[in-house]
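J.: Please find one structure pasted underneath; my questions will follow.
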Amino acid sequence: MLSRIIFVAVFLMMSFHLCLAQDGQIEEVAPGIWRVHFGQTEVFTPDRFREKDICTESLAGLPEPGELPFKLEEIQCQIRQARTIVYIPCDEPEEQIYGFGLDSGAYEQKGLRKYLTVSAQSIGKTGSSHGPVPFYTSTKGYGIYVDTARVPFVHVARLSAKASISASKVNDPSSETTEIKTTVEELYAARAAEGRTEVVFDIPGAAGIDVYVFAGPEIKQAVQRYNLFSGGGVVPPLWGLGMKYRNYGGGNKDTVMEVANSLRKFGIPCDMLGLEPGWQTAAYSCSLKWSDDRFADHDAFVDKLVGMGYRVNLWEHAYIHPSSPLFEPLKDKSGDFLVWGGLVVDFVNPEAFNIFSEYHGKNFIDHNITGFKADECDREFVDNATPFNYPYCSTFGSGIDGDQMTQMYGYLYQRSILRAFKQRNLRTWSDVRATCGLSSPMPFVLYSDSYGFNEYLRQLVNSSFTGLLWSPEVREAGSLEELLNRVAMSSYAHQMCLNPWFVPNPLWTQYDRGKNERGELLDNAGQEKVADAFTRIINRRMSLIPYLYAAYYEYYLQGLPPLRALVMDFPDDKKLRRVDDAFMFGAALLVAPLKENASQRTVYLPAGCRWYDLNADIWREGGNEVQISLTPGEVPVFVKENSIVPFATPVEFVADDTVFALTVKVFGNTPVDLTLYADDGISWNFEKGEYNQIKLSWKDGKGSVQETGPYQKKRYEIISWEQK
Ligand code: GAL
């Protein structure tokens, strides 16, 4: 009898979980953005640690917010002893959902369960990644951000609440199973959840939550609002748009200098050289001290590279080795567990944050270092012999919990380094292996040890929903075709990076890892062939730098990501909802890289306009699938009708005073104007308005240029106009 009473009580509680939920307090925080607040706001969240304020003015300039498909009051929350659960409506059978960060496995998110933990490995479609972000956006034209540094489980429209069962099904014999399935595939085949199918965030450890809702009217504007809420998109230094080459981890200053000379000898454009672990006296954990053995007279060495037009980037991580000058000052300002024998910095402690920041400023930035590779700030998903996890039960003097620190370590680490650059009024273009929500203003690009071609491409598309930058780097290849297709994909990424850190010889001398390690190099002709192919591919990127820079400025000013999933630009074309292998690169170019070893692929061109095929030099109709055959290393690129795209004469590297010579190409008869941006390319003065807008227009068969703004120097010179 007692067990029956308990059963009935539990049943009643479960059936009415939504009735027990609390109402949120609703506040409009900026035009088209609302906060729904429940319970106690947590002390440590991305919002609390934001790098920049909300861009309220830019938000006011966006199109009128679209109407939400649900009422804000319908967002419900339950706060239990050990967790907070948020229920967000999503009841349109047609609706599709995108986002959740740097997911490598899934593009369409509906029906999935996400586990948004920061991780060095992407695990299937779970969303655990280098950048798990609790933001999603819907084809119904809105976005949702849940401001937490905890590790949420998100059930994306996959749960069927008991309350939703239709009365007509009860005691209805026709709903009984007639055919019994006997294969595992059939039994577990995906089925649409029935009835109301909310997105449910289950957040262990939280006793309250702020949920932010971003209006559309479409995905694109919802994402723009999210980025502007985050503080606006980043503007890289101009040189950051060139190629980054990372050197052999076990090398020394001679091997790096050889690479530097060889790149220039072959004419392979390169702006940034990265040094891997060997520059330090101890790595894993890090001493953050130059090795005089391998890099004697390092200041002169760095200056020499700078004189050759390179910007120098140092690999490191934030686990501090006992031999480091930072060990003593940080000993009491770090977590209670070590990683690789080093301290885990308590970046929430302002003193620790400053000590780390100032050390980088004085020892490196003041000595011509312009970027860092902030490695290993994620965690092993599964514990193995590589112990770079501090546990969730870690304690830090600042009071932040171990799970929150793990989720935010990469972001706080970035902020500490960025502060040192900002104090010197210098931009940086750095690398990082972990970040969290609200990262749009950060000049740090994510990268990975993973290497799946399709996953890398999907991550490029997925990153565009949540303010992330992604570098699908090239390390090695099993064939020349694969090598060139990888380099080609990387050339259309947020950052272009070749990172053969584990091989002693440059990548163009041998791309097969084993052979490179054994010194079995290509013959001279083979090396030249690869080097020439690299040059051709990188030159194409170099020619697009002014155009790409403009796209980043739109990111900063309007929150519009420089690379975008096609659903963002063409919301009415439903065929694009599944396309996770092509993207918009700036306002006008649709890029659909050749896969792995392929020389052919199918590309669906969005409906509503014609597209100019840059490789075939012909117009193609939109709303069609086209078969493309090209040599590996080429990239299928299509220009949207009625666009203007400036192509620069490629330079080997971007100097502070580079003036780009532009051939402006006009595609179509009534093109929309394109605005380029000119500034000093290296400082933060643009944030005070020190930049020019250069409007390129085409009317009645003639091009015109209108430049406005206070910047005094010349950045672009237009050589000619051409119409297609
Ligand atoms: C890895 C990193 C690689 C390389 C290596 C050096 O963690 O992802 O890109 O830097 O460390 O040890």
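Residues are named by chain letter and number: chains run A, B, ... in the order of the structure tokens, numbers start at 1 in each chain, and ligands are numbered from 1 in the order shown.
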What do you get as a PyMOL selection string if you pick all residues at most 7 Å from ligand 1, counting only C-alpha atoms and all ligand atoms?

T.: chain A and resi 249+276-277+315+375-376+448-449+499+501

J.: According to DSSP computed on the backbone, where in segment 351-557 of chain A is there alpha helix (DSSP H)? Give the residues as a VMD selection string.

T.: chain A and resid 351 to 363 402 to 423 453 to 462 480 to 491 513 to 518 524 to 543 545 to 557

J.: Taking only C-alpha atoms into account, name the residue in A:Asn389, A:Thr148, A:Thr428, A:Ser230 that is nearest to Leu314 of chain A.

T.: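 Closest candidate: A:Thr428.
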
J.: Within 9 Å of Pro237 of chain A, counting only C-alpha atoms, which residues show up once you throw out same-chain ones fewer than 5 positions away? Write them as a list in words, please.

T.: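 Near neighbours after the sequence-gap exclusion: Leu426, Arg427, Thr428, Trp429, Pro443, Tyr549, Asp680, Gly681, Ile682 and Ser683 of chain A.
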
J.: Between A:Lys162, A:His360, A:Lys529, A:Arg379, which one has atoms that come closest to Gln414 of chain A, using only C-alpha atoms?

T.: A:His360
